[in-house]
file protein24.tsv (TSV, C-alpha atoms)
chain	number	residue	atom	x	y	z
S	1	MET	CA	16.00	65.03	-89.70
S	2	ALA	CA	17.88	62.35	-91.66
S	3	TYR	CA	16.42	61.19	-94.96
S	4	ALA	CA	16.91	59.13	-98.09
S	5	ILE	CA	15.20	59.41	-101.49
S	6	TYR	CA	13.89	56.35	-103.32
S	7	LYS	CA	12.06	55.86	-106.60
S	8	LEU	CA	8.91	53.75	-106.28
S	9	PRO	CA	6.44	52.85	-109.05
S	10	THR	CA	4.31	55.86	-108.05
S	11	GLY	CA	7.20	58.35	-108.09
S	12	TYR	CA	9.99	59.59	-105.87
S	13	TYR	CA	9.58	59.39	-102.10
S	14	LYS	CA	11.50	60.95	-99.27
S	15	MET	CA	11.97	58.61	-96.31
S	16	THR	CA	12.81	60.30	-93.03
S	17	TYR	CA	14.14	58.49	-90.01
S	18	GLN	CA	15.43	59.00	-86.49
S	19	GLY	CA	17.87	56.36	-85.37
S	20	ASP	CA	16.21	52.99	-85.84
S	21	PHE	CA	12.72	54.38	-86.57
S	22	LEU	CA	11.06	55.39	-89.81
S	23	THR	CA	9.35	58.74	-89.20
S	24	GLY	CA	8.08	59.71	-92.63
S	25	LEU	CA	7.38	58.67	-96.20
S	26	GLU	CA	6.10	61.30	-98.55
S	27	GLY	CA	6.14	61.93	-102.26
S	28	CYS	CA	8.66	64.44	-103.57
S	29	LYS	CA	9.42	65.95	-106.96
S	30	GLY	CA	12.49	63.88	-107.69
S	31	PRO	CA	16.00	63.07	-106.63
S	32	GLU	CA	17.51	65.56	-104.26
S	33	GLU	CA	21.09	66.12	-103.32
S	34	GLY	CA	22.01	64.57	-100.03
S	35	GLY	CA	20.22	61.95	-98.09
S	36	GLU	CA	21.73	58.83	-96.64
S	37	LYS	CA	20.49	55.31	-97.26
S	38	THR	CA	20.76	53.10	-94.19
S	39	PRO	CA	19.89	49.48	-93.43
S	40	LEU	CA	16.51	50.77	-92.14
S	41	THR	CA	15.68	52.71	-95.30
S	42	GLN	CA	16.92	49.87	-97.51
S	43	GLU	CA	14.63	47.45	-95.64
S	44	ALA	CA	11.71	49.86	-95.96
S	45	PHE	CA	12.41	50.17	-99.70
S	46	ARG	CA	12.59	46.36	-100.07
S	47	GLN	CA	9.25	45.94	-98.28
S	48	LEU	CA	7.65	48.69	-100.37
S	49	MET	CA	8.87	47.08	-103.60
S	50	ASP	CA	7.47	43.73	-102.43
S	51	TYR	CA	4.15	45.52	-101.82
S	52	PHE	CA	4.18	46.98	-105.33
S	53	LYS	CA	4.94	43.53	-106.78
S	54	GLY	CA	1.90	42.10	-104.94
S	55	GLN	CA	4.11	40.02	-102.63
S	56	ARG	CA	3.44	41.91	-99.38
S	57	ARG	CA	0.20	42.94	-97.70
S	58	THR	CA	1.53	44.31	-94.41
S	59	PHE	CA	4.73	46.02	-93.36
S	60	SER	CA	7.06	45.09	-90.54
S	61	LEU	CA	9.04	48.23	-89.81
S	62	PRO	CA	9.79	50.22	-86.65
S	63	LEU	CA	7.67	53.37	-86.93
S	64	LYS	CA	7.74	56.55	-84.90
S	65	MET	CA	4.76	58.77	-85.70
S	66	GLU	CA	4.81	62.16	-84.05
S	67	GLY	CA	1.58	64.05	-83.69
S	68	THR	CA	-1.17	64.83	-81.24
S	69	PRO	CA	-2.63	61.96	-79.22
S	70	PHE	CA	-5.75	62.09	-81.43
S	71	GLN	CA	-3.69	61.98	-84.64
S	72	ARG	CA	-1.67	59.02	-83.38
S	73	GLU	CA	-4.90	57.23	-82.45
S	74	VAL	CA	-6.23	57.74	-85.98
S	75	TRP	CA	-2.96	56.59	-87.55
S	76	GLU	CA	-2.97	53.46	-85.39
S	77	ALA	CA	-6.53	52.77	-86.59
S	78	LEU	CA	-5.37	53.13	-90.21
S	79	LEU	CA	-3.01	50.22	-89.62
S	80	LYS	CA	-6.07	48.06	-88.88
S	81	ILE	CA	-7.68	48.55	-92.29
S	82	PRO	CA	-7.06	45.25	-94.08
S	83	TYR	CA	-5.24	45.10	-97.38
S	84	GLY	CA	-7.69	45.35	-100.26
S	85	GLN	CA	-10.45	46.92	-98.17
S	86	THR	CA	-11.59	50.49	-97.73
S	87	TRP	CA	-13.20	52.40	-94.90
S	88	SER	CA	-15.08	55.67	-95.02
S	89	TYR	CA	-14.11	58.55	-92.76
S	90	LYS	CA	-17.19	57.64	-90.73
S	91	ASP	CA	-15.91	54.06	-90.34
S	92	LEU	CA	-12.56	55.41	-89.20
S	93	ALA	CA	-14.23	57.77	-86.72
S	94	GLN	CA	-16.19	54.85	-85.29
S	95	ALA	CA	-12.99	52.80	-85.03
S	96	VAL	CA	-11.45	55.45	-82.78
S	97	GLY	CA	-14.60	55.69	-80.67
S	98	ARG	CA	-15.70	59.10	-81.94
S	99	PRO	CA	-18.49	58.36	-84.42
S	100	ARG	CA	-19.33	62.01	-85.10
S	101	ALA	CA	-15.75	63.22	-85.49
S	102	TYR	CA	-15.33	62.22	-89.12
S	103	ARG	CA	-14.10	65.71	-90.11
S	104	ALA	CA	-11.46	65.65	-87.38
S	105	VAL	CA	-10.54	62.12	-88.45
S	106	GLY	CA	-10.18	63.40	-92.02
S	107	GLY	CA	-7.84	66.12	-90.79
S	108	ALA	CA	-5.72	63.62	-88.88
S	109	ASN	CA	-5.71	61.25	-91.87
S	110	ASN	CA	-4.44	64.13	-94.01
S	111	LYS	CA	-1.48	64.61	-91.63
S	112	ASN	CA	-0.39	60.95	-91.78
S	113	PRO	CA	3.41	61.21	-92.00
S	114	ILE	CA	4.07	57.71	-93.36
S	115	ALA	CA	2.16	57.25	-96.61
S	116	ILE	CA	1.48	53.78	-98.05
S	117	ILE	CA	2.93	51.96	-95.02
S	118	VAL	CA	0.27	53.57	-92.81
S	119	PRO	CA	-2.50	53.07	-95.38
S	120	CYS	CA	-4.42	56.34	-95.45
S	121	HIS	CA	-5.09	55.59	-99.14
S	122	ARG	CA	-7.66	53.01	-97.95
S	123	VAL	CA	-9.97	55.76	-96.65
S	124	ILE	CA	-12.59	56.89	-99.15
S	125	GLY	CA	-15.74	59.00	-99.18
S	126	ALA	CA	-19.00	57.71	-97.73
S	127	ASP	CA	-20.35	57.28	-101.27
S	128	GLY	CA	-17.34	55.14	-102.26
S	129	SER	CA	-15.58	57.88	-104.20
S	130	LEU	CA	-11.94	58.85	-103.98
S	131	VAL	CA	-11.34	61.92	-101.89
S	132	GLY	CA	-8.18	63.64	-100.71
S	133	TYR	CA	-4.72	62.12	-100.93
S	134	GLY	CA	-1.46	63.99	-100.46
S	135	ASP	CA	0.18	62.37	-103.49
S	136	GLY	CA	-2.90	62.90	-105.66
S	137	LEU	CA	-6.01	60.90	-106.45
S	138	GLU	CA	-4.27	59.16	-109.37
S	139	THR	CA	-1.77	57.65	-106.92
S	140	LYS	CA	-4.56	56.73	-104.52
S	141	ALA	CA	-6.42	54.95	-107.34
S	142	TYR	CA	-3.21	53.15	-108.35
S	143	LEU	CA	-2.69	51.85	-104.80
S	144	LEU	CA	-6.32	50.75	-104.40
S	145	ASP	CA	-6.27	49.05	-107.82
S	146	LEU	CA	-3.04	47.29	-106.85
S	147	GLU	CA	-4.80	45.92	-103.77
S	148	GLY	CA	-7.98	45.04	-105.66
S	149	ALA	CA	-10.03	47.35	-103.41
S	150	ALA	CA	-13.49	48.47	-104.50
S	151	TYR	CA	-14.23	52.16	-104.90
S	152	LYS	CA	-16.40	54.36	-107.09
S	153	LYS	CA	-14.56	55.10	-110.34
S	154	LYS	CA	-15.32	58.18	-112.38
call {"tool": "encode", "arguments": {"input": "protein24.tsv", "output": "structure tokens"}}
result
Amino acid sequence: MAYAIYKLPTGYYKMTYQGDFLTGLEGCKGPEEGGEKTPLTQEAFRQLMDYFKGQRRTFSLPLKMEGTPFQREVWEALLKIPYGQTWSYKDLAQAVGRPRAYRAVGGANNKNPIAIIVPCHRVIGADGSLVGYGDGLETKAYLLDLEGAAYKKK
């Protein structure tokens, strides 16, 4: 899979892509050898930087998310969570028409391949607390604070 590494305000991220589609965005330890920046990854980086500057609330990028049908359904629902708002896992389960499947929804949320752009950081615990995030709860809090979203702070 082709990739490029970019530094964002929350750390280094590896962007993967296939042709004209972004397939992944995940935190990584730092610059790696290799990787090829393309017009697609440069546009994704520009949009992400606009987001971090508070100038963008949604992304307009061609995405290709590979997973099970259920996972893809959950990831599509994540795209419907408005900027600056949070949903619980129960809310997300209801959004996909499976109100009792909040654990399965949590598992699918955890497998989201395109962090930030597909906003899994907007999913919090039923009590409003921060729970689970692949790049760490500190990054999740940073993103939610950036958006002005309410959550239970320690």
call {"tool": "atom_distance", "arguments": {"input": "protein24.tsv", "atom1": "CA of Lys14 in chain S", "atom2": "CA of Ile81 in chain S"}}
result
23.9 Å
call {"tool": "residues_around", "arguments": {"input": "protein24.tsv", "residues": "Gly11 in chain S", "least_positions_apart": "5", "cutoff": "10 Å", "atoms": "all atoms listed in the file", "output": "ChimeraX atom specification"}}
result
/S:6,27-30,135,139
call {"tool": "residues_around", "arguments": {"input": "protein24.tsv", "residues": "range 105-119 of chain S", "least_positions_apart": "6", "cutoff": "9 Å", "atoms": "all atoms listed in the file", "output": "PyMOL selection string"}}
result
chain S and resi 15+22-27+48+58-59+61+63+65-68+70-72+74-76+78-81+83+89-90+92-93+96+98+132-135+143
call {"tool": "write_last_selection", "arguments": {"input": "protein24.tsv", "atoms": "C-alpha atoms", "output": "CSV table (one decimal), in the frame of the given file"}}
result
chain,number,residue,atom,x,y,z
S,15,MET,CA,12.0,58.6,-96.3
S,22,LEU,CA,11.1,55.4,-89.8
S,23,THR,CA,9.4,58.7,-89.2
S,24,GLY,CA,8.1,59.7,-92.6
S,25,LEU,CA,7.4,58.7,-96.2
S,26,GLU,CA,6.1,61.3,-98.6
S,27,GLY,CA,6.1,61.9,-102.3
S,48,LEU,CA,7.6,48.7,-100.4
S,58,THR,CA,1.5,44.3,-94.4
S,59,PHE,CA,4.7,46.0,-93.4
S,61,LEU,CA,9.0,48.2,-89.8
S,63,LEU,CA,7.7,53.4,-86.9
S,65,MET,CA,4.8,58.8,-85.7
S,66,GLU,CA,4.8,62.2,-84.0
S,67,GLY,CA,1.6,64.0,-83.7
S,68,THR,CA,-1.2,64.8,-81.2
S,70,PHE,CA,-5.8,62.1,-81.4
S,71,GLN,CA,-3.7,62.0,-84.6
S,72,ARG,CA,-1.7,59.0,-83.4
S,74,VAL,CA,-6.2,57.7,-86.0
S,75,TRP,CA,-3.0,56.6,-87.6
S,76,GLU,CA,-3.0,53.5,-85.4
S,78,LEU,CA,-5.4,53.1,-90.2
S,79,LEU,CA,-3.0,50.2,-89.6
S,80,LYS,CA,-6.1,48.1,-88.9
S,81,ILE,CA,-7.7,48.6,-92.3
S,83,TYR,CA,-5.2,45.1,-97.4
S,89,TYR,CA,-14.1,58.6,-92.8
S,90,LYS,CA,-17.2,57.6,-90.7
S,92,LEU,CA,-12.6,55.4,-89.2
S,93,ALA,CA,-14.2,57.8,-86.7
S,96,VAL,CA,-11.4,55.4,-82.8
S,98,ARG,CA,-15.7,59.1,-81.9
S,132,GLY,CA,-8.2,63.6,-100.7
S,133,TYR,CA,-4.7,62.1,-100.9
S,134,GLY,CA,-1.5,64.0,-100.5
S,135,ASP,CA,0.2,62.4,-103.5
S,143,LEU,CA,-2.7,51.8,-104.8
call {"tool": "atom_distance", "arguments": {"input": "protein24.tsv", "atom1": "CA of Asp127 in chain S", "atom2": "CA of Pro99 in chain S"}}
result
17.0 Å
call {"tool": "atom_distance", "arguments": {"input": "protein24.tsv", "atom1": "CA of Gln18 in chain S", "atom2": "CA of Tyr51 in chain S"}}
result
23.3 Å
call {"tool": "residues_around", "arguments": {"input": "protein24.tsv", "residues": "Asp91 in chain S", "least_positions_apart": "4", "cutoff": "9 Å", "atoms": "all atoms listed in the file", "output": "PDB file with C-alpha atoms, keeping the file's coordinate frame"}}
result
ATOM      1  CA  TRP S  87     -13.200  52.400 -94.900  1.00  0.00           C
ATOM      2  CA  ALA S  95     -12.990  52.800 -85.030  1.00  0.00           C
ATOM      3  CA  VAL S  96     -11.450  55.450 -82.780  1.00  0.00           C
ATOM      4  CA  PRO S  99     -18.490  58.360 -84.420  1.00  0.00           C
ATOM      5  CA  TYR S 102     -15.330  62.220 -89.120  1.00  0.00           C
ATOM      6  CA  VAL S 123      -9.970  55.760 -96.650  1.00  0.00           C
ATOM      7  CA  ALA S 126     -19.000  57.710 -97.730  1.00  0.00           C
TER       8      ALA S 126
END
call {"tool": "axis_aligned_box", "arguments": {"input": "protein24.tsv", "around": "range 148-153 of chain S", "padding_each_side": "4 Å", "output": "lines of an AutoDock Vina configuration file"}}
result
center_x = -12.2
center_y = 50.1
center_z = -106.9
size_x = 16.4
size_y = 18.1
size_z = 14.9
call {"tool": "residues_around", "arguments": {"input": "protein24.tsv", "residues": "Lys152 in chain S", "least_positions_apart": "2", "cutoff": "7 Å", "atoms": "only C-alpha atoms", "output": "JSON, numbers by chain"}}
result
{"S": [128, 129, 154]}
call {"tool": "residues_around", "arguments": {"input": "protein24.tsv", "residues": "Tyr142 in chain S", "least_positions_apart": "4", "cutoff": "10 Å", "atoms": "all atoms listed in the file", "output": "PyMOL selection string"}}
result
chain S and resi 9-10+121+137-138+146-148
call {"tool": "closest_residue", "arguments": {"input": "protein24.tsv", "among": "S:Gln94, S:Thr16, S:Ser60, S:Ser88", "to": "Glu43 in chain S", "atoms": "only C-alpha atoms"}}
result
S:Ser60
call {"tool": "closest_residue", "arguments": {"input": "protein24.tsv", "among": "S:Arg100, S:Lys37, S:Arg46, S:Arg122", "to": "Ala149 in chain S", "atoms": "only C-alpha atoms"}}
result
S:Arg122
call {"tool": "closest_residue", "arguments": {"input": "protein24.tsv", "among": "S:Lys64, S:Ala4, S:Gln47, S:Asp20", "to": "Gly35 in chain S", "atoms": "all atoms listed in the file"}}
result
S:Ala4
call {"tool": "closest_residue", "arguments": {"input": "protein24.tsv", "among": "S:Leu130, S:Glu32, S:Ala44, S:Ala101", "to": "Arg56 in chain S", "atoms": "only C-alpha atoms"}}
result
S:Ala44
call {"tool": "decode", "arguments": {"input": "protein24.tsv", "residues": "range 104-115 of chain S", "atoms": "all heavy atoms", "output": "tab-separated table (two decimals), in the first residue's frame"}}
result
chain	number	residue	atom	x	y	z
S	104	ALA	N	-20.43	-4.02	19.87
S	104	ALA	CA	-19.99	-4.29	18.49
S	104	ALA	C	-19.67	-2.98	17.78
S	104	ALA	O	-18.70	-2.89	17.01
S	104	ALA	CB	-21.06	-5.07	17.73
S	105	VAL	N	-20.47	-1.96	18.04
S	105	VAL	CA	-20.22	-0.64	17.47
S	105	VAL	C	-18.88	-0.10	17.98
S	105	VAL	O	-18.10	0.47	17.22
S	105	VAL	CB	-21.39	0.32	17.80
S	105	VAL	CG1	-21.00	1.77	17.63
S	105	VAL	CG2	-22.59	-0.01	16.94
S	106	GLY	N	-18.61	-0.31	19.26
S	106	GLY	CA	-17.32	0.11	19.83
S	106	GLY	C	-16.16	-0.59	19.15
S	106	GLY	O	-15.14	0.02	18.85
S	107	GLY	N	-16.33	-1.88	18.86
S	107	GLY	CA	-15.28	-2.63	18.16
S	107	GLY	C	-15.05	-2.10	16.76
S	107	GLY	O	-13.92	-1.97	16.31
S	108	ALA	N	-16.14	-1.80	16.06
S	108	ALA	CA	-16.01	-1.25	14.71
S	108	ALA	C	-15.40	0.14	14.75
S	108	ALA	O	-14.55	0.49	13.91
S	108	ALA	CB	-17.39	-1.20	14.04
S	109	ASN	N	-15.80	0.94	15.72
S	109	ASN	CA	-15.25	2.29	15.89
S	109	ASN	C	-13.74	2.21	16.09
S	109	ASN	O	-12.98	2.99	15.52
S	109	ASN	CB	-15.93	2.98	17.07
S	109	ASN	CG	-15.64	4.45	17.15
S	109	ASN	OD1	-15.83	5.17	16.19
S	109	ASN	ND2	-15.19	4.89	18.31
S	110	ASN	N	-13.31	1.24	16.87
S	110	ASN	CA	-11.89	1.03	17.16
S	110	ASN	C	-11.09	0.68	15.90
S	110	ASN	O	-9.90	0.93	15.83
S	110	ASN	CB	-11.75	-0.08	18.21
S	110	ASN	CG	-10.31	-0.31	18.60
S	110	ASN	OD1	-9.58	0.61	18.92
S	110	ASN	ND2	-9.91	-1.56	18.56
S	111	LYS	N	-11.74	0.11	14.91
S	111	LYS	CA	-11.06	-0.31	13.67
S	111	LYS	C	-11.13	0.75	12.58
S	111	LYS	O	-10.70	0.51	11.46
S	111	LYS	CB	-11.68	-1.61	13.14
S	111	LYS	CG	-11.59	-2.78	14.09
S	111	LYS	CD	-10.19	-3.29	14.18
S	111	LYS	CE	-10.16	-4.57	15.03
S	111	LYS	NZ	-8.84	-4.90	15.46
S	112	ASN	N	-11.67	1.92	12.89
S	112	ASN	CA	-11.77	3.00	11.91
S	112	ASN	C	-10.39	3.26	11.30
S	112	ASN	O	-9.46	3.62	12.01
S	112	ASN	CB	-12.29	4.27	12.59
S	112	ASN	CG	-12.24	5.50	11.71
S	112	ASN	OD1	-12.16	5.41	10.49
S	112	ASN	ND2	-12.28	6.66	12.33
S	113	PRO	N	-10.25	3.09	9.99
S	113	PRO	CA	-8.92	3.25	9.39
S	113	PRO	C	-8.52	4.69	9.09
S	113	PRO	O	-7.35	4.95	8.82
S	113	PRO	CB	-9.05	2.47	8.07
S	113	PRO	CG	-10.50	2.60	7.71
S	113	PRO	CD	-11.24	2.61	9.02
S	114	ILE	N	-9.46	5.63	9.17
S	114	ILE	CA	-9.15	7.00	8.75
S	114	ILE	C	-9.47	7.97	9.89
S	114	ILE	O	-10.52	8.62	9.91
S	114	ILE	CB	-9.90	7.37	7.44
S	114	ILE	CG1	-9.63	6.32	6.36
S	114	ILE	CG2	-9.49	8.77	6.97
S	114	ILE	CD1	-10.40	6.54	5.07
S	115	ALA	N	-8.55	8.01	10.85
S	115	ALA	CA	-8.74	8.86	12.03
S	115	ALA	C	-8.93	10.33	11.64
S	115	ALA	O	-8.51	10.75	10.56
S	115	ALA	CB	-7.52	8.73	12.95
